[in-house]
>>> print(open('coords31.pdb').read())   # PDB, C-alpha atoms and all ligand atoms
MODEL        1
ATOM      1  CA  MET A   1      79.210   0.533 -19.089  1.00  0.00           C
ATOM      2  CA  ILE A   2      81.382   2.715 -21.272  1.00  0.00           C
ATOM      3  CA  GLN A   3      79.549   5.175 -23.497  1.00  0.00           C
ATOM      4  CA  ILE A   4      80.831   5.853 -26.997  1.00  0.00           C
ATOM      5  CA  ILE A   5      79.532   8.993 -28.659  1.00  0.00           C
ATOM      6  CA  SER A   6      80.568  10.174 -32.125  1.00  0.00           C
ATOM      7  CA  ALA A   7      79.954  13.434 -33.947  1.00  0.00           C
ATOM      8  CA  ILE A   8      79.222  12.857 -37.589  1.00  0.00           C
ATOM      9  CA  GLN A   9      77.970  15.034 -40.462  1.00  0.00           C
ATOM     10  CA  ARG A  10      78.620  14.955 -44.215  1.00  0.00           C
ATOM     11  CA  LYS A  11      78.702  18.755 -44.407  1.00  0.00           C
ATOM     12  CA  GLY A  12      81.959  20.186 -43.019  1.00  0.00           C
ATOM     13  CA  GLY A  13      82.059  23.016 -40.502  1.00  0.00           C
ATOM     14  CA  ALA A  14      78.697  22.187 -38.895  1.00  0.00           C
ATOM     15  CA  GLY A  15      80.100  22.203 -35.363  1.00  0.00           C
ATOM     16  CA  LYS A  16      81.178  18.598 -34.713  1.00  0.00           C
ATOM     17  CA  SER A  17      84.398  19.442 -32.898  1.00  0.00           C
ATOM     18  CA  THR A  18      82.958  22.352 -30.892  1.00  0.00           C
ATOM     19  CA  MET A  19      79.957  20.261 -29.847  1.00  0.00           C
ATOM     20  CA  LEU A  20      82.159  17.377 -28.650  1.00  0.00           C
ATOM     21  CA  GLN A  21      84.536  19.720 -26.835  1.00  0.00           C
ATOM     22  CA  SER A  22      81.597  21.308 -24.977  1.00  0.00           C
ATOM     23  CA  LEU A  23      80.196  17.897 -24.109  1.00  0.00           C
ATOM     24  CA  ALA A  24      83.625  16.658 -22.977  1.00  0.00           C
ATOM     25  CA  VAL A  25      84.237  19.555 -20.592  1.00  0.00           C
ATOM     26  CA  SER A  26      80.738  19.297 -19.090  1.00  0.00           C
ATOM     27  CA  LEU A  27      80.936  15.558 -18.495  1.00  0.00           C
ATOM     28  CA  ALA A  28      84.453  15.831 -17.061  1.00  0.00           C
ATOM     29  CA  ASN A  29      83.224  18.564 -14.693  1.00  0.00           C
ATOM     30  CA  ASP A  30      80.486  16.132 -13.662  1.00  0.00           C
ATOM     31  CA  ASN A  31      83.229  13.678 -12.666  1.00  0.00           C
ATOM     32  CA  ALA A  32      83.045  11.378 -15.675  1.00  0.00           C
ATOM     33  CA  LYS A  33      86.422  10.187 -16.944  1.00  0.00           C
ATOM     34  CA  VAL A  34      86.356  11.368 -20.551  1.00  0.00           C
ATOM     35  CA  VAL A  35      88.584  10.925 -23.584  1.00  0.00           C
ATOM     36  CA  ILE A  36      88.204  12.444 -27.044  1.00  0.00           C
ATOM     37  CA  ILE A  37      89.621  10.459 -29.960  1.00  0.00           C
ATOM     38  CA  ASP A  38      90.486  12.960 -32.668  1.00  0.00           C
ATOM     39  CA  THR A  39      90.318  11.135 -36.002  1.00  0.00           C
ATOM     40  CA  ASP A  40      90.355  14.324 -38.090  1.00  0.00           C
ATOM     41  CA  PRO A  41      93.725  14.920 -39.852  1.00  0.00           C
ATOM     42  CA  GLN A  42      93.143  18.659 -39.155  1.00  0.00           C
ATOM     43  CA  MET A  43      93.509  17.780 -35.445  1.00  0.00           C
ATOM     44  CA  SER A  44      91.017  20.390 -34.216  1.00  0.00           C
ATOM     45  CA  CYS A  45      90.497  18.715 -30.854  1.00  0.00           C
ATOM     46  CA  MET A  46      94.197  18.034 -30.357  1.00  0.00           C
ATOM     47  CA  LYS A  47      94.953  21.720 -31.008  1.00  0.00           C
ATOM     48  CA  TRP A  48      92.069  22.845 -28.797  1.00  0.00           C
ATOM     49  CA  ALA A  49      93.503  20.744 -25.957  1.00  0.00           C
ATOM     50  CA  GLU A  50      97.147  21.785 -26.392  1.00  0.00           C
ATOM     51  CA  SER A  51      97.344  24.025 -23.353  1.00  0.00           C
ATOM     52  CA  LEU A  52      94.394  22.487 -21.569  1.00  0.00           C
ATOM     53  CA  GLU A  53      94.478  20.894 -18.190  1.00  0.00           C
ATOM     54  CA  ILE A  54      91.077  19.664 -17.182  1.00  0.00           C
ATOM     55  CA  LYS A  55      90.809  16.949 -14.597  1.00  0.00           C
ATOM     56  CA  ASN A  56      89.292  13.758 -16.046  1.00  0.00           C
ATOM     57  CA  LEU A  57      89.666  14.866 -19.667  1.00  0.00           C
ATOM     58  CA  ASP A  58      92.188  13.561 -22.205  1.00  0.00           C
ATOM     59  CA  VAL A  59      92.454  13.961 -25.959  1.00  0.00           C
ATOM     60  CA  VAL A  60      94.261  11.422 -28.128  1.00  0.00           C
ATOM     61  CA  GLU A  61      94.812  11.416 -31.856  1.00  0.00           C
ATOM     62  CA  HIS A  62      94.027   8.579 -34.164  1.00  0.00           C
ATOM     63  CA  VAL A  63      94.379   8.922 -37.909  1.00  0.00           C
ATOM     64  CA  ASN A  64      95.313   5.346 -38.720  1.00  0.00           C
ATOM     65  CA  GLU A  65      92.488   3.778 -40.738  1.00  0.00           C
ATOM     66  CA  ASN A  66      92.925   0.275 -39.412  1.00  0.00           C
ATOM     67  CA  SER A  67      92.993   0.105 -35.694  1.00  0.00           C
ATOM     68  CA  LEU A  68      90.283   2.316 -34.207  1.00  0.00           C
ATOM     69  CA  ARG A  69      88.918  -0.894 -32.724  1.00  0.00           C
ATOM     70  CA  ASP A  70      92.203  -1.472 -30.830  1.00  0.00           C
ATOM     71  CA  MET A  71      92.262   2.141 -29.672  1.00  0.00           C
ATOM     72  CA  ILE A  72      88.713   1.884 -28.295  1.00  0.00           C
ATOM     73  CA  GLN A  73      89.563  -1.377 -26.543  1.00  0.00           C
ATOM     74  CA  ALA A  74      92.724   0.104 -25.006  1.00  0.00           C
ATOM     75  CA  LEU A  75      90.823   3.159 -23.749  1.00  0.00           C
ATOM     76  CA  SER A  76      88.015   0.992 -22.335  1.00  0.00           C
ATOM     77  CA  ASP A  77      90.663  -0.936 -20.397  1.00  0.00           C
ATOM     78  CA  ARG A  78      91.888   2.354 -18.929  1.00  0.00           C
ATOM     79  CA  ASN A  79      88.512   2.875 -17.219  1.00  0.00           C
ATOM     80  CA  TYR A  80      87.173   5.812 -19.140  1.00  0.00           C
ATOM     81  CA  ASP A  81      83.439   6.358 -18.697  1.00  0.00           C
ATOM     82  CA  VAL A  82      82.937   8.143 -21.995  1.00  0.00           C
ATOM     83  CA  ILE A  83      84.763   7.985 -25.318  1.00  0.00           C
ATOM     84  CA  LEU A  84      83.946  10.831 -27.704  1.00  0.00           C
ATOM     85  CA  ILE A  85      84.994  10.387 -31.341  1.00  0.00           C
ATOM     86  CA  ASP A  86      85.483  13.410 -33.580  1.00  0.00           C
ATOM     87  CA  THR A  87      85.345  12.634 -37.291  1.00  0.00           C
ATOM     88  CA  ALA A  88      86.229  14.421 -40.501  1.00  0.00           C
ATOM     89  CA  GLY A  89      83.156  13.409 -42.464  1.00  0.00           C
ATOM     90  CA  TYR A  90      81.398  10.110 -42.959  1.00  0.00           C
ATOM     91  CA  ASP A  91      82.960   8.397 -45.926  1.00  0.00           C
ATOM     92  CA  SER A  92      86.185   7.054 -44.420  1.00  0.00           C
ATOM     93  CA  ARG A  93      86.811   3.671 -42.840  1.00  0.00           C
ATOM     94  CA  ILE A  94      87.481   5.418 -39.553  1.00  0.00           C
ATOM     95  CA  ALA A  95      84.093   7.176 -39.651  1.00  0.00           C
ATOM     96  CA  SER A  96      82.410   3.934 -40.617  1.00  0.00           C
ATOM     97  CA  TYR A  97      83.954   2.218 -37.616  1.00  0.00           C
ATOM     98  CA  ALA A  98      83.025   5.142 -35.361  1.00  0.00           C
ATOM     99  CA  ILE A  99      79.405   4.853 -36.556  1.00  0.00           C
ATOM    100  CA  LYS A 100      79.275   1.127 -35.901  1.00  0.00           C
ATOM    101  CA  SER A 101      80.910   1.197 -32.495  1.00  0.00           C
ATOM    102  CA  SER A 102      78.990   4.126 -30.966  1.00  0.00           C
ATOM    103  CA  ASN A 103      75.969   4.050 -28.660  1.00  0.00           C
ATOM    104  CA  LEU A 104      75.032   7.560 -29.674  1.00  0.00           C
ATOM    105  CA  LEU A 105      75.637   9.530 -32.880  1.00  0.00           C
ATOM    106  CA  LEU A 106      75.203  13.296 -32.791  1.00  0.00           C
ATOM    107  CA  VAL A 107      74.722  15.155 -36.069  1.00  0.00           C
ATOM    108  CA  PRO A 108      75.129  18.929 -35.675  1.00  0.00           C
ATOM    109  CA  THR A 109      73.117  20.994 -38.127  1.00  0.00           C
ATOM    110  CA  SER A 110      73.083  24.729 -38.668  1.00  0.00           C
ATOM    111  CA  GLY A 111      70.191  26.407 -40.458  1.00  0.00           C
ATOM    112  CA  SER A 112      71.865  26.387 -43.874  1.00  0.00           C
ATOM    113  CA  LYS A 113      70.364  24.447 -46.760  1.00  0.00           C
ATOM    114  CA  SER A 114      73.578  22.494 -47.287  1.00  0.00           C
ATOM    115  CA  SER A 115      73.751  21.551 -43.633  1.00  0.00           C
ATOM    116  CA  ILE A 116      70.127  20.352 -43.618  1.00  0.00           C
ATOM    117  CA  GLN A 117      70.786  18.312 -46.760  1.00  0.00           C
ATOM    118  CA  GLY A 118      73.966  17.042 -45.089  1.00  0.00           C
ATOM    119  CA  SER A 119      71.914  15.848 -42.093  1.00  0.00           C
ATOM    120  CA  ALA A 120      69.460  13.987 -44.294  1.00  0.00           C
ATOM    121  CA  ASP A 121      72.359  12.359 -46.191  1.00  0.00           C
ATOM    122  CA  THR A 122      74.115  11.504 -42.927  1.00  0.00           C
ATOM    123  CA  TRP A 123      70.957   9.971 -41.438  1.00  0.00           C
ATOM    124  CA  LYS A 124      70.489   7.801 -44.541  1.00  0.00           C
ATOM    125  CA  HIS A 125      74.163   6.816 -44.548  1.00  0.00           C
ATOM    126  CA  ILE A 126      74.040   5.821 -40.855  1.00  0.00           C
ATOM    127  CA  ASP A 127      70.907   3.803 -41.505  1.00  0.00           C
ATOM    128  CA  GLU A 128      72.664   1.837 -44.256  1.00  0.00           C
ATOM    129  CA  GLU A 129      75.886   1.397 -42.290  1.00  0.00           C
ATOM    130  CA  THR A 130      74.098   0.026 -39.229  1.00  0.00           C
ATOM    131  CA  GLU A 131      71.304  -2.048 -40.753  1.00  0.00           C
ATOM    132  CA  ASN A 132      72.962  -5.373 -39.928  1.00  0.00           C
ATOM    133  CA  LEU A 133      73.864  -4.512 -36.346  1.00  0.00           C
ATOM    134  CA  LYS A 134      72.013  -6.245 -33.511  1.00  0.00           C
ATOM    135  CA  ILE A 135      72.045  -3.077 -31.439  1.00  0.00           C
ATOM    136  CA  ARG A 136      71.968   0.080 -33.504  1.00  0.00           C
ATOM    137  CA  PRO A 137      73.231   3.424 -32.198  1.00  0.00           C
ATOM    138  CA  ILE A 138      70.736   6.125 -31.307  1.00  0.00           C
ATOM    139  CA  VAL A 139      70.978   9.055 -33.713  1.00  0.00           C
ATOM    140  CA  LYS A 140      70.121  12.662 -32.846  1.00  0.00           C
ATOM    141  CA  ILE A 141      70.230  15.694 -35.091  1.00  0.00           C
ATOM    142  CA  VAL A 142      71.294  18.722 -33.039  1.00  0.00           C
ATOM    143  CA  MET A 143      70.453  22.244 -34.205  1.00  0.00           C
ATOM    144  CA  TRP A 144      73.811  23.871 -33.535  1.00  0.00           C
ATOM    145  CA  ASN A 145      75.305  27.264 -34.386  1.00  0.00           C
ATOM    146  CA  VAL A 146      71.880  28.556 -35.362  1.00  0.00           C
ATOM    147  CA  ASN A 147      70.935  32.195 -35.665  1.00  0.00           C
ATOM    148  CA  ILE A 148      67.740  31.980 -33.614  1.00  0.00           C
ATOM    149  CA  GLN A 149      66.724  35.567 -34.348  1.00  0.00           C
ATOM    150  CA  SER A 150      66.461  34.890 -38.055  1.00  0.00           C
ATOM    151  CA  ASN A 151      63.341  33.476 -39.695  1.00  0.00           C
ATOM    152  CA  ILE A 152      65.654  30.985 -41.403  1.00  0.00           C
ATOM    153  CA  PHE A 153      65.673  29.241 -38.024  1.00  0.00           C
ATOM    154  CA  SER A 154      61.956  28.395 -37.927  1.00  0.00           C
ATOM    155  CA  HIS A 155      62.040  27.554 -41.618  1.00  0.00           C
ATOM    156  CA  SER A 156      64.963  25.161 -41.250  1.00  0.00           C
ATOM    157  CA  LYS A 157      63.456  23.573 -38.129  1.00  0.00           C
ATOM    158  CA  LYS A 158      60.274  22.878 -40.062  1.00  0.00           C
ATOM    159  CA  GLN A 159      62.275  21.331 -42.892  1.00  0.00           C
ATOM    160  CA  LEU A 160      64.073  18.995 -40.490  1.00  0.00           C
ATOM    161  CA  GLU A 161      60.780  18.015 -38.854  1.00  0.00           C
ATOM    162  CA  ASN A 162      59.058  17.456 -42.193  1.00  0.00           C
ATOM    163  CA  ALA A 163      61.902  15.201 -43.271  1.00  0.00           C
ATOM    164  CA  ASN A 164      61.205  13.108 -40.153  1.00  0.00           C
ATOM    165  CA  LEU A 165      64.761  13.409 -38.931  1.00  0.00           C
ATOM    166  CA  PRO A 166      65.346  12.499 -35.263  1.00  0.00           C
ATOM    167  CA  LEU A 167      65.713  16.029 -33.953  1.00  0.00           C
ATOM    168  CA  LEU A 168      66.907  16.710 -30.407  1.00  0.00           C
ATOM    169  CA  ASP A 169      64.564  19.196 -28.729  1.00  0.00           C
ATOM    170  CA  VAL A 170      67.182  21.810 -28.011  1.00  0.00           C
ATOM    171  CA  VAL A 171      68.756  24.562 -30.082  1.00  0.00           C
ATOM    172  CA  VAL A 172      72.317  25.694 -29.461  1.00  0.00           C
ATOM    173  CA  PRO A 173      72.570  29.233 -30.822  1.00  0.00           C
ATOM    174  CA  ARG A 174      75.357  30.990 -32.672  1.00  0.00           C
ATOM    175  CA  LEU A 175      77.465  32.626 -29.953  1.00  0.00           C
ATOM    176  CA  THR A 176      80.925  34.167 -30.069  1.00  0.00           C
ATOM    177  CA  GLY A 177      81.842  32.197 -26.933  1.00  0.00           C
ATOM    178  CA  PHE A 178      81.876  29.028 -29.045  1.00  0.00           C
ATOM    179  CA  GLU A 179      84.089  30.628 -31.680  1.00  0.00           C
ATOM    180  CA  GLU A 180      86.518  31.707 -29.002  1.00  0.00           C
ATOM    181  CA  MET A 181      86.900  28.108 -27.826  1.00  0.00           C
ATOM    182  CA  SER A 182      88.894  27.175 -30.929  1.00  0.00           C
ATOM    183  CA  TRP A 183      91.326  30.043 -30.196  1.00  0.00           C
ATOM    184  CA  ASN A 184      91.533  29.873 -26.431  1.00  0.00           C
ATOM    185  CA  GLY A 185      91.044  26.158 -25.779  1.00  0.00           C
ATOM    186  CA  GLY A 186      88.797  24.851 -23.030  1.00  0.00           C
ATOM    187  CA  MET A 187      85.252  25.988 -22.407  1.00  0.00           C
ATOM    188  CA  SER A 188      84.080  29.545 -22.917  1.00  0.00           C
ATOM    189  CA  VAL A 189      83.825  31.606 -19.742  1.00  0.00           C
ATOM    190  CA  LYS A 190      80.860  33.531 -21.149  1.00  0.00           C
ATOM    191  CA  SER A 191      77.665  32.805 -19.248  1.00  0.00           C
ATOM    192  CA  SER A 192      75.497  32.724 -22.412  1.00  0.00           C
ATOM    193  CA  THR A 193      77.697  29.993 -23.873  1.00  0.00           C
ATOM    194  CA  ARG A 194      77.780  27.994 -20.649  1.00  0.00           C
ATOM    195  CA  LYS A 195      74.001  28.252 -20.385  1.00  0.00           C
ATOM    196  CA  ALA A 196      73.585  26.981 -23.956  1.00  0.00           C
ATOM    197  CA  VAL A 197      75.847  24.012 -23.218  1.00  0.00           C
ATOM    198  CA  ALA A 198      73.961  23.279 -19.983  1.00  0.00           C
ATOM    199  CA  SER A 199      70.635  23.096 -21.815  1.00  0.00           C
ATOM    200  CA  PHE A 200      72.196  20.868 -24.482  1.00  0.00           C
ATOM    201  CA  ILE A 201      73.438  18.496 -21.768  1.00  0.00           C
ATOM    202  CA  SER A 202      70.111  18.504 -19.943  1.00  0.00           C
ATOM    203  CA  ALA A 203      68.277  17.629 -23.171  1.00  0.00           C
ATOM    204  CA  LEU A 204      70.627  14.661 -23.593  1.00  0.00           C
ATOM    205  CA  GLN A 205      70.037  13.631 -19.978  1.00  0.00           C
ATOM    206  CA  ARG A 206      66.276  14.123 -20.146  1.00  0.00           C
ATOM    207  CA  HIS A 207      66.118  11.671 -23.028  1.00  0.00           C
ATOM    208  CA  LYS A 208      68.485   9.312 -21.212  1.00  0.00           C
ATOM    209  CA  LEU A 209      71.039   9.591 -23.987  1.00  0.00           C
ATOM    210  CA  ILE A 210      73.841  10.127 -21.522  1.00  0.00           C
ATOM    211  CA  ASP A 211      74.173   8.874 -17.975  1.00  0.00           C
ATOM    212  CA  PHE A 212      74.362  10.974 -14.855  1.00  0.00           C
ATOM    213  CA  TYR A 213      77.745  11.034 -13.232  1.00  0.00           C
ATOM    214  CA  GLU A 214      77.159  13.190 -10.167  1.00  0.00           C
ATOM    215  CA  ASP A 215      76.986  10.270  -7.756  1.00  0.00           C
ATOM    216  CA  LYS A 216      80.295   8.705  -8.770  1.00  0.00           C
TER
HETATM  217  N1  LIG A 301      77.399  27.509 -31.618  1.00  0.00           N
HETATM  218  C1  LIG A 301      78.351  28.164 -32.284  1.00  0.00           C
HETATM  219  N2  LIG A 301      78.336  29.525 -32.339  1.00  0.00           N
HETATM  220  C2  LIG A 301      79.280  30.217 -33.030  1.00  0.00           C
HETATM  221  N3  LIG A 301      80.297  29.635 -33.693  1.00  0.00           N
HETATM  222  C3  LIG A 301      80.372  28.280 -33.673  1.00  0.00           C
HETATM  223  C4  LIG A 301      79.414  27.479 -32.955  1.00  0.00           C
HETATM  224  N4  LIG A 301      79.764  26.175 -33.119  1.00  0.00           N
HETATM  225  C5  LIG A 301      80.869  26.169 -33.882  1.00  0.00           C
HETATM  226  N5  LIG A 301      81.243  27.423 -34.226  1.00  0.00           N
HETATM  227  C6  LIG A 301      82.363  27.834 -35.070  1.00  0.00           C
HETATM  228  O1  LIG A 301      82.111  27.332 -36.384  1.00  0.00           O
HETATM  229  C7  LIG A 301      83.311  26.850 -36.986  1.00  0.00           C
HETATM  230  C8  LIG A 301      83.134  25.367 -37.337  1.00  0.00           C
HETATM  231  O2  LIG A 301      82.939  24.629 -36.128  1.00  0.00           O
HETATM  232  P1  LIG A 301      83.656  23.232 -35.894  1.00  0.00           P
HETATM  233  O3  LIG A 301      85.110  23.325 -36.215  1.00  0.00           O
HETATM  234  O4  LIG A 301      83.254  22.768 -34.553  1.00  0.00           O
HETATM  235  O5  LIG A 301      82.919  22.385 -37.019  1.00  0.00           O
HETATM  236  P2  LIG A 301      83.321  20.938 -37.571  1.00  0.00           P
HETATM  237  O6  LIG A 301      82.080  20.299 -38.030  1.00  0.00           O
HETATM  238  O7  LIG A 301      84.135  20.234 -36.569  1.00  0.00           O
HETATM  239  O8  LIG A 301      84.236  21.350 -38.817  1.00  0.00           O
HETATM  240  P3  LIG A 301      85.175  20.375 -39.685  1.00  0.00           P
HETATM  241  O9  LIG A 301      84.259  19.757 -40.712  1.00  0.00           O
HETATM  242  O10 LIG A 301      86.169  21.311 -40.305  1.00  0.00           O
HETATM  243  O11 LIG A 301      85.772  19.380 -38.760  1.00  0.00           O
HETATM  244  C9  LIG A 301      84.423  27.097 -35.974  1.00  0.00           C
HETATM  245  O12 LIG A 301      85.040  28.308 -36.301  1.00  0.00           O
HETATM  246  C10 LIG A 301      83.692  27.223 -34.647  1.00  0.00           C
HETATM  247  O13 LIG A 301      84.376  28.060 -33.745  1.00  0.00           O
HETATM  248 MG    MG A 302      86.015  19.331 -36.736  1.00  0.00          MG
ENDMDL
END
>>> encode(input="coords31.pdb", output="structure tokens", more="lines below")
Ligand SMILES: Nc1ncnc2c1ncn2[C@@H]1O[C@H](COP(=O)(O)OP(=O)(O)OP(=O)(O)O)[C@@H](O)[C@H]1O
Ligand SMILES: [Mg+2]
Amino acid sequence: MIQIISAIQRKGGAGKSTMLQSLAVSLANDNAKVVIIDTDPQMSCMKWAESLEIKNLDVVEHVNENSLRDMIQALSDRNYDVILIDTAGYDSRIASYAIKSSNLLLVPTSGSKSSIQGSADTWKHIDEETENLKIRPIVKIVMWNVNIQSNIFSHSKKQLENANLPLLDVVVPRLTGFEEMSWNGGMSVKSSTRKAVASFISALQRHKLIDFYEDK
């Protein structure tokens, strides 16, 4: 069955696009046929993919409010295993449709106060948007772009836990390799960055949030 995963967060700049790009490259390397739908008018993923040639990975743009449903259907018919949807926030019709049509919603959260508040707002918004669905998407808050050396990290983690948000048990640190991805395209070649992505993916696999593709 096709998996649809969206990145969503009220607070801008939390790492949605970088997180999806990292996930996309890893899954494609694992032989999944992956497509990113870039619904952000800033076109971060489209730009990131401009000079990119990765087997099994495509990026398409979609900024038309009305027909994300048709786009998802068309891509499902083209035998993709995973559709990743990058959004520009949560209060558009496109984001609302992405929320309702996903199996998994990932909410990246740095240690900042505004990002933590953004996660709580996003979680509440998703809850309201999906309350009438028969099958609701799984939601995971991902600590992303976090300065793990700072005591703000443990403080912010505690805040997220105390708020009872569905926190994924992995932390993706702040690393220059991730910043370079938006300039260079593709996945960072730095081993620290690759390691961080690998532990992010294994946390998702451990909790059965994404399928294994190795045996395809
Ligand atoms: N783990 C990380 N370590 C260091 N820098 C990061 C990390 N993740 C993202 N960044 C950088 O932070 C900035 C914001 O990331 P990104 O564009 O992925 O966020 P976004 O949520 O998609 O933003 P927007 O709301 O504008 O779409 C970018 O410059 C990116 O390179
Ligand atoms: Mg973005």
>>> residues_around(input="coords31.pdb", residues="stretch 8-24 of chain A", least_positions_apart="3", cutoff="6 Å", atoms="only C-alpha atoms", output="list in words")
Leu27, Gly89, Tyr90, Val107, Pro108, Thr109, Ser115, Gly118 and Thr122 of chain A
>>> closest_residue(input="coords31.pdb", among="A:Trp144, A:Trp183, A:Tyr97, A:Phe178", to="A:Ile116", atoms="only C-alpha atoms")
A:Trp144
>>> closest_residue(input="coords31.pdb", among="A:Asp70, A:Asp77, A:Asp38, A:Asp30", to="ligand LIG 301 (chain A)", atoms="all atoms listed in the file")
A:Asp38
>>> residues_near_point(input="coords31.pdb", point="(72.8, 15.5, -20.8)", cutoff="9 Å", atoms="all atoms listed in the file", output="list in words")
Leu23, Ser26, Leu27, Ala198, Ser199, Phe200, Ile201, Ser202, Ala203, Leu204, Gln205, Arg206, His207, Lys208, Leu209, Ile210, Asp211 and Phe212 of chain A
>>> atom_distance(input="coords31.pdb", atom1="atom C10 of ligand LIG 301 (chain A)", atom2="atom CA of A:Ile72")
26.6 Å
>>> atom_distance(input="coords31.pdb", atom1="atom N4 of ligand LIG 301 (chain A)", atom2="atom CA of A:Ile37")
18.8 Å
>>> resolve_selection(input="coords31.pdb", expression="the PyMOL selection byres (((chain A and resi 166-169) around 6) and not hetatm)", output="PyMOL selection string")
chain A and resi 140-142+165+170
>>> atom_distance(input="coords31.pdb", atom1="atom CA of A:Leu75", atom2="atom CA of A:Glu131")
26.4 Å
>>> closest_residue(input="coords31.pdb", among="A:Lys124, A:Ser154, A:Met1, A:Ser110", to="A:Pro173", atoms="only C-alpha atoms")
A:Ser110
>>> closest_residue(input="coords31.pdb", among="A:Leu68, A:Met187, A:Ile4, A:Leu52", to="A:Ser102", atoms="all atoms listed in the file")
A:Ile4
>>> closest_residue(input="coords31.pdb", among="A:Ile83, A:Gly185, A:Ser112, A:Asp91", to="A:Ser156", atoms="all atoms listed in the file")
A:Ser112
>>> axis_aligned_box(input="coords31.pdb", around="stretch 130-138 of chain A", padding_each_side="5 Å", output="lines of an AutoDock Vina configuration file")
center_x = 72.4
center_y = -0.1
center_z = -36.0
size_x = 13.4
size_y = 22.4
size_z = 19.4
>>> closest_residue(input="coords31.pdb", among="A:Lys134, A:Gln159, A:Ser6, A:Trp123", to="ligand LIG 301 (chain A)", atoms="all atoms listed in the file")
A:Ser6
>>> resolve_selection(input="coords31.pdb", expression="the PyMOL selection byres (((chain A and resi 139) around 6) and not hetatm)", output="JSON, numbers by chain")
{"A": [104, 105, 138, 140]}
>>> resolve_selection(input="coords31.pdb", expression="the PyMOL selection byres (((chain A and resi 36) around 7) and not hetatm)", output="list of chain:residue names")
A:Val34, A:Val35, A:Ile37, A:Asp38, A:Asp58, A:Val59, A:Val60, A:Ile83, A:Leu84, A:Ile85
>>> residues_around(input="coords31.pdb", residues="A:Ser96", least_positions_apart="3", cutoff="10 Å", atoms="all atoms listed in the file", output="PyMOL selection string")
chain A and resi 8+87+89-93+99-101+125-126+129-130
>>> write_last_selection(input="coords31.pdb", atoms="C-alpha atoms", output="CSV table (one decimal), in the frame of the given file")
chain,number,residue,atom,x,y,z
A,8,ILE,CA,79.2,12.9,-37.6
A,87,THR,CA,85.3,12.6,-37.3
A,89,GLY,CA,83.2,13.4,-42.5
A,90,TYR,CA,81.4,10.1,-43.0
A,91,ASP,CA,83.0,8.4,-45.9
A,92,SER,CA,86.2,7.1,-44.4
A,93,ARG,CA,86.8,3.7,-42.8
A,99,ILE,CA,79.4,4.9,-36.6
A,100,LYS,CA,79.3,1.1,-35.9
A,101,SER,CA,80.9,1.2,-32.5
A,125,HIS,CA,74.2,6.8,-44.5
A,126,ILE,CA,74.0,5.8,-40.9
A,129,GLU,CA,75.9,1.4,-42.3
A,130,THR,CA,74.1,0.0,-39.2
>>> residues_around(input="coords31.pdb", residues="A:Lys55", least_positions_apart="6", cutoff="10 Å", atoms="all atoms listed in the file", output="VMD selection string")
chain A and resid 25 28 to 29 31 to 34
>>> build_atoms(input="coords31.pdb", residues="stretch 152-163 of chain A", atoms="N, CA and C atoms", output="PDB file, in the frame of the given file")
ATOM      1  N   ILE A 152      65.081  32.205 -40.802  1.00  0.00           N
ATOM      2  CA  ILE A 152      65.654  30.985 -41.403  1.00  0.00           C
ATOM      3  C   ILE A 152      65.593  29.855 -40.373  1.00  0.00           C
ATOM      4  N   PHE A 153      65.692  30.250 -39.093  1.00  0.00           N
ATOM      5  CA  PHE A 153      65.673  29.241 -38.024  1.00  0.00           C
ATOM      6  C   PHE A 153      64.374  28.428 -38.036  1.00  0.00           C
ATOM      7  N   SER A 154      63.220  29.142 -37.982  1.00  0.00           N
ATOM      8  CA  SER A 154      61.956  28.395 -37.927  1.00  0.00           C
ATOM      9  C   SER A 154      61.736  27.621 -39.220  1.00  0.00           C
ATOM     10  N   HIS A 155      62.180  28.214 -40.320  1.00  0.00           N
ATOM     11  CA  HIS A 155      62.040  27.554 -41.618  1.00  0.00           C
ATOM     12  C   HIS A 155      62.861  26.256 -41.643  1.00  0.00           C
ATOM     13  N   SER A 156      64.099  26.349 -41.180  1.00  0.00           N
ATOM     14  CA  SER A 156      64.963  25.161 -41.250  1.00  0.00           C
ATOM     15  C   SER A 156      64.492  24.093 -40.261  1.00  0.00           C
ATOM     16  N   LYS A 157      63.966  24.537 -39.116  1.00  0.00           N
ATOM     17  CA  LYS A 157      63.456  23.573 -38.129  1.00  0.00           C
ATOM     18  C   LYS A 157      62.293  22.779 -38.739  1.00  0.00           C
ATOM     19  N   LYS A 158      61.433  23.524 -39.420  1.00  0.00           N
ATOM     20  CA  LYS A 158      60.274  22.878 -40.062  1.00  0.00           C
ATOM     21  C   LYS A 158      60.745  21.860 -41.106  1.00  0.00           C
ATOM     22  N   GLN A 159      61.749  22.238 -41.856  1.00  0.00           N
ATOM     23  CA  GLN A 159      62.275  21.331 -42.892  1.00  0.00           C
ATOM     24  C   GLN A 159      62.799  20.036 -42.285  1.00  0.00           C
ATOM     25  N   LEU A 160      63.519  20.181 -41.167  1.00  0.00           N
ATOM     26  CA  LEU A 160      64.073  18.995 -40.490  1.00  0.00           C
ATOM     27  C   LEU A 160      62.934  18.126 -39.949  1.00  0.00           C
ATOM     28  N   GLU A 161      61.922  18.765 -39.388  1.00  0.00           N
ATOM     29  CA  GLU A 161      60.780  18.015 -38.854  1.00  0.00           C
ATOM     30  C   GLU A 161      60.008  17.318 -39.975  1.00  0.00           C
ATOM     31  N   ASN A 162      59.796  18.043 -41.067  1.00  0.00           N
ATOM     32  CA  ASN A 162      59.058  17.456 -42.193  1.00  0.00           C
ATOM     33  C   ASN A 162      59.793  16.271 -42.802  1.00  0.00           C
ATOM     34  N   ALA A 163      61.108  16.312 -42.717  1.00  0.00           N
ATOM     35  CA  ALA A 163      61.902  15.201 -43.271  1.00  0.00           C
ATOM     36  C   ALA A 163      61.943  14.019 -42.296  1.00  0.00           C
TER      37      ALA A 163
END
